[in-house]
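Here is the structure we will look at.
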Amino acid sequence: MKFTIEWLKDHLDTDASVEQIVDTLTMTGTEVEAVEDGAKKLKDFIVCEVISAEKHPNADRLRVCMVNTGSGDPVKVVCGAPNAKTGMKGVFAAAGTYIPGTDFTLQKGKIRGEESNGMLCSERELLISNEHDGIIELPADAPVGQKYVDYANINDVLIEVEITPNRGDCVGIFGIARELAAAGIGKIKENTIKPSPSSGPSPIAPLEQRFLPDEPKTIRKFAARVFTNINNGPSPDWMQKRLLDVGLRPINSIVDITNFISLGWGRPLHAYDMDKLTGAPYLRNAKEGEEFLALDGKLHKLDNTMCVIADDSGAICLGGIMGGQATGVDGETTSVLLECASWDPLLIAKTGRKTGIVSDARYRLERSVDPALTISSMERATAMILEICGGEVYETAISGEDEAPDIVIDFPLSEVKRLTGLRIGDAEIKAALTLLGFWVSGPAKVVKVAVPSWRTDISIKADLVEEVMRIVGVDRVPVEPLPALSGVAQKTLIPIQNRRRIARRTLGANGMHEAVTWSFISKKQAQMFGGGTAELALANPISAELSDMRPSLLPGLLAASLRNANRSYSDLALFEVGQVFSSDMPEGQRTFASAIRSGSAGFNGAGRHWRSKEKKVDVFDAKADMAAVLSALGFDMDKAQLLDQSADWAHPGRGGRVQLGPKNILGWFGEIHPSILADLDISFPVVGFEIDLDALPRPKTKSSRTKPALKMSDLMPLKRDFAFIVDRDVLAGKLAKAAASANKNLISDVNIFDVFEGANLGENKKSIGLEVTIQPKENTLTDEEIENISISIIKSVEKASGGVLRS
């Protein structure tokens, strides 16, 4: 939202500097996005005198002017303005000057063969008004050579702020002024309006509301007022300047008045040309597929969740969003139906996103503006229309009622210190709330606070604490270090915090980059990864692509991988540690650690190199990453159940699941399913894993006894190779685990070194080679002892897998 200091002072009596105003807005929670000095924008324009204005030799409508700029020789300018004449004073722009009204930088050139070294400017080119029928003509005593901003006393400053979705009270300049006044920057000008006398009863009945019982109803209260015999010419210069200063183009008096009130008080209005209506207007929801030609010149397709104002010809306005071209007011309009209504902000936001219409009305109404402004804004508009356009006005026809609950909060004043640490007196707390418009009652430590109608975002005690903190000053919140605890810093973390920290450090140490992605994804992506249920759909999503809570971290990582690939970075290793959602219940929110590798960014290196052949990522890279994280967390992956059951997002047969039992799944790893990659337009291989950090068992309580020293054997280890023939569907890991269990005391490692399939082994058979490391502890093993261990290994494998030793 934009406003000028000059316009702000219509509502706020203040002598504060621009810097003070900007700093106060920032400290009270209103983000200032830009500050633009109007004088700086027009600093290069100067007052000039036209010495001569002769007819262009090659063009009937152009004049060749010699211009005195107050310094140096006269400048030749070719001008097409009809009012350019000898002896007049005007505003000159030299070559190289930026022209804000037309958004271009002026250059020297030839026009129909005559050299032109500058421009004589119109009001529109300087954004002073919308006037472009001629160049600016200054009084005869205007000093030639003076900067135009100094002559015209142009020193206004434009401020642009970002209003958060919960602060509908600040979508008008009056609301900004109220915030500043509460923070001690001036005094608010109430500027109350008196009702205007009407010429009689309303010629139209209150608009009928034709809604089906099960339809969403966007409208709450609809006020309509008829004006007749008006003169809808251009609005006054002061109003045009106000609108131009904030980037709005003046159109005509009626439209400009509605825009002026919308910007000034945050209450949108809309006007219909009464003579263009077909029958009596009424309220209804649009028909499925109904088309509507809006004021933006586009044909929009509507659905039955959107409220429209309609007449016998069809929809004439998309409620709370934008009016229609068919009933728009223009310079010929003599009778007007003026609308001021309050709407359901959530449904307005949904309609706006579905249609893609971005309008000032939608911006304000989806933020829940003050319902008490409906009638007062109608009266304000009425007074301005009668003053500027004349005519007669009739009584207001009202349909429906506002939903504005009276909220009173029991507020212990001690909450301020408890939640913020601020040590301030009770009187200062009450004063801060009173300045913001809250009604505070009671001398006790627990007071009753009534919430004003414009603060629809306040409902609990903590909200009031935040308001006090904003006005008293966030900079007064004490900064105090956490109390020192015995032991290392790690002990200050709860288990899940420590797991998140360890997972991040481990994955980062493995050459991965951390990503932070949205907690929301599209419904289509959510369904790919086991989500997309109705309970996890957002009630008020910020876009259609961010409509559902994520069931997995992988969609966000895959989207990040694609964005990087589109910029020629397809070999990527990314990870994220964050929340995923399986339901809308507290237990449905889990903490996961997930990672992906793409292209040739494998676990043991990435990219092409002359010493080795390029290797694309595969399932074993994902498994290695997962094992590294589990190991860092103190969990041995070999002690868990490793099943060849892929996650739904993984390629069948190229993924696995790690669990402690069927009811305690730790995570999954694998290659991303080709259909998912195709749907996401990813053309390179991607592998990934996800670990449920909440599912890991809590570490056992450590004994207070000192750990024994690590014992290393000084005897040489020995290795023995075994090859077993097993069925093709038998997992190699099953054989390795069976071999290791044959003698846990002496067998220190089992490595799978070969997998072979051939016709000589038999149908559906394969051979798996195991290298077993035997580590003597106290004595060198005899041949007989080694043979017994070998026999135990063979029997253990045969029992576990049904395999036989290959001869």
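Starting from 1 in every chain, residues are counted up; chains themselves are A, B, ... following the order of the structure tokens, and ligands are numbered from 1 as listed.
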
From the DSSP assignment of the backbone, select every residue of region 360-450 of chain A that is alpha helix (DSSP H), and format the answer as a VMD selection string. chain A and resid 360 to 365 373 to 389 415 to 420 426 to 435

So, counting only C-alpha atoms, which residue among A:Ser748, A:Thr218, A:Asn58, A:Ser199 is closest to Ala349 (chain A)?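 Closest residue, counting only C-alpha atoms: A:Thr218.
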
Nearest to Ser399 (chain A) among A:Phe222, A:Trp454, A:Phe689, A:Trp343, with distances taken over only C-alpha atoms: which residue is it? A:Phe222

Neighbour list for Gly331 (chain A) as a PyMOL selection string, cut-off 7 Å, only C-alpha atoms, skip fewer than 3 positions in-chain: chain A and resi 232-233+252
